[in-house]
Structures are given as structure tokens and as C-alpha cells.
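Colleague: Here's a structure for you.
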Number of protein chains: 2
Amino acid sequence: MPWSRNIKPAGGNADPAAADSQPSVTATPIRSSSSIKPRCGTCILRPHCLPAGLAPEQLRKFENMVQQFATLKPGEHLFRVGDNFHSLYAVRSGCLKTCAVDPNGREHVLNFHFVGEIIGIDAIFPEQHFADAIALVESSVCHLPYRAISQFAREVPELQVQLVRALSRHVFSMTSISGDFSADERLAAFLVMVGARNRLAGGSATEMQLAMSRQDIANYLRLATETVSRILARFQKSGLLRANRRQITLLNPDGLYAIAECMNPYSRCGINRRRADGGTTRN
Amino acid sequence: MPWSRNIKPAGGNADPAAADSQPSVTATPIRSSSSIKPRCGTCILRPHCLPAGLAPEQLRKFENMVQQFATLKPGEHLFRVGDNFHSLYAVRSGCLKTCAVDPNGREHVLNFHFVGEIIGIDAIFPEQHFADAIALVESSVCHLPYRAISQFAREVPELQVQLVRALSRHVFSMTSISGDFSADERLAAFLVMVGARNRLAGGSATEMQLAMSRQDIANYLRLATETVSRILARFQKSGLLRANRRQITLLNPDGLYAIAECMNPYSRCGINRRRADGGTTRN
DNA sequence: CGACAGCTTGAGTCATTTCAATCGTTGTGG
DNA sequence: CCACAACGATTGAAATGACTCAAGCTGTCG
């Protein structure tokens, strides 16, 4: 059992001077590149982000609501369990995990958040965070104050639609991994998914540098770390991939896809739809 | 591949009884008690449903959009994989499951939908159903045409808020069961949850008639049917409950709650918040 | 270089599954 | 009304996928 949680000293490297807009007790150590305002208009991620489909002048207004542009070092928290919810975050670069430690001390990784993805939508309802959000590598996020966004959405139906779609997509994507699948299937699906998300972020779908440790992968897939290692070794032996530490090359994406196929929601019906979710894009 | 799983023929429990009233291959067989219009204003479920918090005249308008009031016999489909999404449904009485059969023939129960809960929100994004919705017992649902609801939400912020909250709550509640927990923990949590939902629907939290079979429970909890049986027997032997077929009495809810506690998101932080989600209400 | 953290590999164990047989209910037809 | 079929639930025994424990390996960093 992995009691050994990486309690990375968030304080050690934090620049205390950097824009501390939160004097609260549980102060979230956001290192903000302060004055840099994100420009949604020129952001390559816009089609995948909340302001997708906004008209120019709405977009400008939206941009003005994006208050901060935080940079996080590996291991730094974006927010913590118990923090009040007041903002959504969009990953601009890097990768984060949301995770929670249960009373028995087991860490559960709820999700990985790749470039272009929204963090925090599960906190809208309880109005409080029930997970920690931790950067896995140097990452930057846009800060979308929810009250303002929500208010703005009342005037701009297009934004409303995007918000609801983002939520629905999230539910949709969760249904796959929550299912009953073997370790092989889950890991194969994970790799294919990371490849797809990697490509969305402008990289390769088959050549990637994982942001997360074996332990994180295991905690996400409900496996033991050793099991992840072993399956990777087996996949490698059968020529499906090459794995060296966090450097992974998918040599036979179709083979992996075949193993993972049962987790693809789209394969459940006769639809040959464009794989919109990215969760299972082949190659 | 050693990963032989329970290849439970989808036909096995598909709808042996209900195959009656559906000659069509894909048509949604809604048995409508036609003319009966639901009255949200007098519905005891309103606080838990979408129109929660609407002002009187908005409520009347909302009522008018609720087009149908369908009744389903056990085993009947509300919708099927591949159906176009055009409506959300609110469970008025009874209980339904949403489930999908993967390419290997394994059935995955995605969710159970109890009285007062919304069905279909995961289809908003893909605009298509990727699951079957099947009544477990005689059930009735309100029919909420999404286009109209969505349009109406643009004018009525309160409704918009409710929609987003419902989605966020759904995400929130999914995070528990998707975690890595033992069979005992998952089953205990399941029973506590059913009790809580049963009470919300006006019944008892400890005395209940399950709507679902052991097989359905197993497919939901990622267990084998036999395992569910065995754990129930063990719980019974240790005085936690009394189980006879689908009739379950929780004799020691606190004991069950203690086992299930690790799955309670609220217990992850120091919060002694009113257990709003119902997922883990004690007794 | 040494310490450390993350990763890998092996061996034994355990929780859960699979296979198989039985039991109790419920519904059906004679 | 009873026999019988059918189905869901239960129980036992054996098999196994994944875990735990433990040791060794590899790369990184001070």
C-alpha cells in the first residue's frame, strides 16, 4: 500500500514575494508571473477551452476576466482539499494531477489535467475543493474566476453552452476508466489517451515524455506501482512500445488500441464518428 | 490472454420480460401515460430536481416544457445506445440503470438512477447516448426536452445554475466509486448510499427493497455476482444487516458507514458539513 | 562520490474470480 | 392444485490476476 505519498515541500522553492493575493491560512502557493495577462485571442488552445466559439468582442471581455496566469513548479499545489472554490483553471502548459488521500492513507489520483483542460469543475457543486491539485512538471494555468465567468455566461449563451459541454464531456470521459477492465486494458487505454492528448497539445501521439510517475499512474488506474512496471515491461517485450523511465514510444499504436478498445465508448455503437473526445484517438 | 472475464451474455438479462412492446430495432419504446402532465409545482421532488429554486411564473413555464410523462415496465428501455440525444429525464418513481456492453460482451452498469435524479446529462456533450437506460422496476420519468430547457436557461439564470450544479454534482459523486477500494468498502458504501437515496425519496434509510439484481450491483461495483452474495452473507453474519433477496435491512448503519467511510469525499477534509450529496448520509 | 528517489524484477500471498452445484421463488401449464 | 421449468441467489472449491514484500537497479543531484 502506497502510504508513501510524495509530500513535496511546496514552500521550499516558492518565491514568497511573488504576488501573494491570498493571505489565508491554507494559502495556496501560487507563483504568479504577475503582470502577464493571457491572451485568449491568440491562444492555440482556444478551440478546446471555455471561450471556444465566442465572438471577438465577447472574447475581449472574457480575456479581461482571466485574472491571473500562475506558474507552478513540480510538486506545487494549485489548490488543496478544503480550499474554498472560487475559480476554474485552464492548463496552459505542463500537466497537473488532482488527487485525494482517503482516511486509510491511500492516495487516489482522480484525474490528470493536460494542456487545454479545465480543472475544478467538480468543485462547483460543493463550492469547495475535495481534492488537491498538484503540478507534475513545471506548469502554467489560467485563472478563471467562477463568479465572473458564471455571471458573464448569463449574458453570453455561447459560453453557457461551453460550460455545460465541458462538464458533460468530463462525465463522459469518466465513465470509461470507472468501468471494470483488466490492468492491461486500463494501461493500454491510458497510454493511447496520453498520446492523443499529447497530440492535441501540439506534440506527437506516439512519442512522449510522461509527466507523471509510475506511482501516479498506478494510483490513477487503481493498480500497484509494480504492476504498472510489469505490464510496461510485457508490452515492451511484445513490441507494443518502448519505455525508458518516463520516455515512452508507442511502436504499435494499433496493437495498444486493440487492447484498449473495450474502453472506448464510441466503439459501443455502430458509430464511426470522429473521435471527438481524444480519449481514444488511434495513433 | 489470461484476462478471461465474466462474459455475461448481454442477452441474459437484457430484457427478456420487456421485449414485448418493442417491435422496432432502435425506436425508443416510451410507454406514455400520455395526457398526464407532471406538475412541478406540487412535486415533492422539486427541491432535488432541475426546477429547484425557480420563481412561480418561471416554474409554470418550465412545467409547460415538460412534455411527456412516461411509464416504463421492468426491463423496458428509456433509450438505447446510439439514440440521438434530445432530452433529459427526471425519475419520478421507480429506479433505472444506465449500462453499456463493451466489445468483449461485458456489461458495465454506469449508474443507478433513483427518484429525483436526472438521467442523460452525460449525453449532452456527445449529443448521442452511449448507454442504455433500462427500468429496473416499474418506473415513471418526466421528459425534459433539452433544446427547450437549454433555451429557457438562457433567460433564467437560476435554471442555468441548477443545470451546472447537477452536472458538477454528478462528476463529484462519480469520483468516489471510480476510486480504488476493496469489495467490502464498495458494497458497504453502496448500501449506505441506497439507504440515503431511499430516504430522500420518502422511504426509510435502513429498510429497503432493492430495485436491482445482484448481477446489476456487481456490474456496477466491478465485482462478480458471487462476491456480492458472499459479502452480503458475511455482513449478515457479523450483524451489520439482514438480507433476504432484495429485501435489505441495515441493522448497524454506523458499522457499515465505518467500512464505507473511506469513500466519503467529505471525510477527506476537516469539514463537518451537512452531507449534502446524500451519498454517505449516516442512518 | 554517495545518497536518494524512482523504477524494475522476483517470489510468495491474498482477494476476488471462475467454475460448478444447489437451493429457493416465481410463474406456467396441465 | 401440483409438477415443473426457469431464473436469481447462494455456497463451495479451485484458479488466478494483481498485490505485497523485498531486493536490486539506474539515474539524478548536492
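Residue numbering restarts at 1 for every chain of the C-alpha cells, chains are lettered A, B, ... in their displayed order, and ligands are numbered from 1 as they appear.
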Just need the residues of chain C within 12 Å of chain B, counting only C-alpha atoms (C1' of nucleotides), so spit them out as a list in words.

Modeller: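 For chain C, the answer reads DA15, DT16, DT17, DT18, DC19, DG24 and DT25 of chain C.
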
Colleague: For A:Ile44, list every protein, DNA or RNA residue within 10 Å, evaluated using only C-alpha atoms (C1' of nucleotides), and leave out those in the same chain fewer than 6 positions away; present the list as a list in words.

Modeller: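 After dropping sequence-adjacent residues, the list is Arg92, Gly116, Ala201 and Gly202 of chain A.
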
Colleague: Would you save the residues from that selection as a compact mmCIF listing (two decimals), in the first residue's frame, using N, CA, C and O atoms?

Modeller:
```txt
# COMPACT_ATOMS: atom_id res chain seq x y z
N ARG A 92 -2.36 25.71 -19.28
CA ARG A 92 -1.77 26.36 -20.44
C ARG A 92 -0.54 25.60 -20.92
O ARG A 92 -0.27 25.46 -22.10
N GLY A 116 -4.78 22.51 -22.11
CA GLY A 116 -6.08 22.82 -22.69
C GLY A 116 -7.25 22.34 -21.87
O GLY A 116 -8.41 22.57 -22.24
N ALA A 201 -1.99 18.82 -27.85
CA ALA A 201 -1.16 19.91 -27.35
C ALA A 201 -0.04 20.25 -28.31
O ALA A 201 0.85 21.02 -27.98
N GLY A 202 -0.09 19.65 -29.49
CA GLY A 202 0.90 20.01 -30.49
C GLY A 202 2.07 19.05 -30.60
O GLY A 202 2.97 19.25 -31.40
```

Colleague: For the strand (DSSP E) assignment from backbone DSSP, which residues of stretch 49-232 of chain B qualify? Please present them as a PyMOL selection string.

Modeller: chain B and resi 68-72+77-79+87-93+96-101+107-113+118-119+132-135+139-145+207-209

Colleague: Select all residues from chain D having any atom no more than 10 Å from an atom of chain A (counting only C-alpha atoms (C1' of nucleotides), ignoring ligands), output as a ChimeraX atom specification.

Modeller: /D:17-20,26-27

Colleague: Could you write those residues out with C-alpha atoms (C1' of nucleotides), as a PDB file, in the first residue's frame?

Modeller:
```pdb
ATOM      1  C1'  DG D  17      -4.789 -11.610 -11.526  1.00  0.00           C
ATOM      2  C1'  DA D  18      -2.968  -8.296  -9.025  1.00  0.00           C
ATOM      3  C1'  DC D  19      -0.756  -7.136  -4.645  1.00  0.00           C
ATOM      4  C1'  DT D  20       2.754  -7.136  -1.033  1.00  0.00           C
ATOM      5  C1'  DT D  26      19.516   3.276 -12.534  1.00  0.00           C
ATOM      6  C1'  DG D  27      19.692   7.885 -12.994  1.00  0.00           C
TER       7       DG D  27
END
```

Colleague: For chain B, which residues have at least one atom within 6 Å of chain A, if we go by only C-alpha atoms? Write them as a list of chain:residue names, please.

Modeller: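 Every residue meeting the condition is included here: B:Gly82, B:Asp102, B:Pro103, B:Asp122, B:Ile124, B:Phe125, B:Arg165, B:Ser168, B:Arg169, B:Val171, B:Phe172, B:Ser178, B:Asp180, B:Arg222, B:Cys262, B:Arg268, B:Cys269.
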
Colleague: I'd like to know which of C:DG27, C:DC1, C:DT13, C:DA21 is closest to D:DA6, using only C-alpha atoms (C1' of nucleotides).

Modeller: C:DG27

Colleague: So that I can see what lies close to C:DA11, please list as an MDAnalysis selection string the residues with an atom at most 10 Å from it, counting only C-alpha atoms (C1' of nucleotides) and leaving out residues fewer than 2 positions away in the same chain.

Modeller: (chainID C and resid 9 13) or (chainID D and resid 21:22)

Colleague: Include all heavy atoms and write out the residues we just selected as an mmCIF file, in the first residue's frame.

Modeller:
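What landed in part.cif:
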```cif
data_model
loop_
_atom_site.group_PDB
_atom_site.id
_atom_site.type_symbol
_atom_site.label_atom_id
_atom_site.label_comp_id
_atom_site.auth_asym_id
_atom_site.auth_seq_id
_atom_site.Cartn_x
_atom_site.Cartn_y
_atom_site.Cartn_z
ATOM 1 P P DT C 9 12.426 -5.105 -15.824
ATOM 2 O OP1 DT C 9 13.401 -5.321 -16.904
ATOM 3 O OP2 DT C 9 10.992 -4.943 -16.110
ATOM 4 O "O5'" DT C 9 12.585 -6.278 -14.767
ATOM 5 C "C5'" DT C 9 13.776 -6.374 -14.006
ATOM 6 C "C4'" DT C 9 13.602 -7.357 -12.868
ATOM 7 O "O4'" DT C 9 13.034 -6.684 -11.729
ATOM 8 C "C3'" DT C 9 12.676 -8.550 -13.157
ATOM 9 O "O3'" DT C 9 13.437 -9.723 -13.032
ATOM 10 C "C2'" DT C 9 11.580 -8.446 -12.113
ATOM 11 C "C1'" DT C 9 12.238 -7.606 -11.033
ATOM 12 N N1 DT C 9 11.328 -6.798 -10.189
ATOM 13 C C2 DT C 9 11.488 -6.825 -8.824
ATOM 14 O O2 DT C 9 12.337 -7.492 -8.267
ATOM 15 N N3 DT C 9 10.605 -6.034 -8.132
ATOM 16 C C4 DT C 9 9.593 -5.246 -8.660
ATOM 17 O O4 DT C 9 8.871 -4.590 -7.941
ATOM 18 C C5 DT C 9 9.479 -5.272 -10.098
ATOM 19 C C7 DT C 9 8.424 -4.461 -10.767
ATOM 20 C C6 DT C 9 10.341 -6.044 -10.785
ATOM 21 P P DT C 13 3.852 -17.771 0.969
ATOM 22 O OP1 DT C 13 3.997 -17.965 2.416
ATOM 23 O OP2 DT C 13 3.535 -18.902 0.056
ATOM 24 O "O5'" DT C 13 2.767 -16.625 0.749
ATOM 25 C "C5'" DT C 13 3.087 -15.297 1.146
ATOM 26 C "C4'" DT C 13 1.857 -14.421 0.964
ATOM 27 O "O4'" DT C 13 1.719 -14.076 -0.440
ATOM 28 C "C3'" DT C 13 0.547 -15.086 1.371
ATOM 29 O "O3'" DT C 13 -0.165 -14.159 2.179
ATOM 30 C "C2'" DT C 13 -0.162 -15.378 0.058
ATOM 31 C "C1'" DT C 13 0.378 -14.289 -0.852
ATOM 32 N N1 DT C 13 0.440 -14.600 -2.305
ATOM 33 C C2 DT C 13 -0.022 -13.662 -3.195
ATOM 34 O O2 DT C 13 -0.491 -12.594 -2.845
ATOM 35 N N3 DT C 13 0.091 -14.020 -4.518
ATOM 36 C C4 DT C 13 0.616 -15.208 -5.017
ATOM 37 O O4 DT C 13 0.664 -15.416 -6.215
ATOM 38 C C5 DT C 13 1.079 -16.150 -4.028
ATOM 39 C C7 DT C 13 1.651 -17.449 -4.468
ATOM 40 C C6 DT C 13 0.974 -15.802 -2.731
ATOM 41 P P DC D 21 3.107 -5.442 2.861
ATOM 42 O OP1 DC D 21 2.591 -5.685 4.228
ATOM 43 O OP2 DC D 21 3.282 -4.066 2.353
ATOM 44 O "O5'" DC D 21 4.503 -6.209 2.698
ATOM 45 C "C5'" DC D 21 4.510 -7.631 2.703
ATOM 46 C "C4'" DC D 21 5.861 -8.151 2.253
ATOM 47 O "O4'" DC D 21 5.936 -8.149 0.813
ATOM 48 C "C3'" DC D 21 7.057 -7.337 2.761
ATOM 49 O "O3'" DC D 21 8.025 -8.232 3.275
ATOM 50 C "C2'" DC D 21 7.544 -6.618 1.511
ATOM 51 C "C1'" DC D 21 7.191 -7.659 0.431
ATOM 52 N N1 DC D 21 7.073 -7.130 -0.944
ATOM 53 C C2 DC D 21 7.541 -7.887 -2.022
ATOM 54 O O2 DC D 21 8.057 -8.989 -1.792
ATOM 55 N N3 DC D 21 7.424 -7.397 -3.274
ATOM 56 C C4 DC D 21 6.857 -6.205 -3.474
ATOM 57 N N4 DC D 21 6.764 -5.774 -4.729
ATOM 58 C C5 DC D 21 6.361 -5.414 -2.392
ATOM 59 C C6 DC D 21 6.486 -5.905 -1.154
ATOM 60 P P DA D 22 9.270 -7.669 4.079
ATOM 61 O OP1 DA D 22 9.471 -8.584 5.219
ATOM 62 O OP2 DA D 22 9.128 -6.213 4.297
ATOM 63 O "O5'" DA D 22 10.440 -7.896 3.025
ATOM 64 C "C5'" DA D 22 10.505 -9.100 2.281
ATOM 65 C "C4'" DA D 22 11.570 -8.975 1.213
ATOM 66 O "O4'" DA D 22 10.985 -8.449 0.003
ATOM 67 C "C3'" DA D 22 12.728 -8.030 1.577
ATOM 68 O "O3'" DA D 22 13.956 -8.644 1.262
ATOM 69 C "C2'" DA D 22 12.458 -6.821 0.720
ATOM 70 C "C1'" DA D 22 11.851 -7.477 -0.520
ATOM 71 N N9 DA D 22 11.101 -6.574 -1.379
ATOM 72 C C8 DA D 22 10.298 -5.528 -1.012
ATOM 73 N N7 DA D 22 9.760 -4.880 -2.020
ATOM 74 C C5 DA D 22 10.257 -5.542 -3.135
ATOM 75 C C6 DA D 22 10.077 -5.342 -4.507
ATOM 76 N N6 DA D 22 9.309 -4.382 -5.014
ATOM 77 N N1 DA D 22 10.715 -6.186 -5.353
ATOM 78 C C2 DA D 22 11.487 -7.149 -4.847
ATOM 79 N N3 DA D 22 11.732 -7.442 -3.566
ATOM 80 C C4 DA D 22 11.080 -6.584 -2.762
#
```
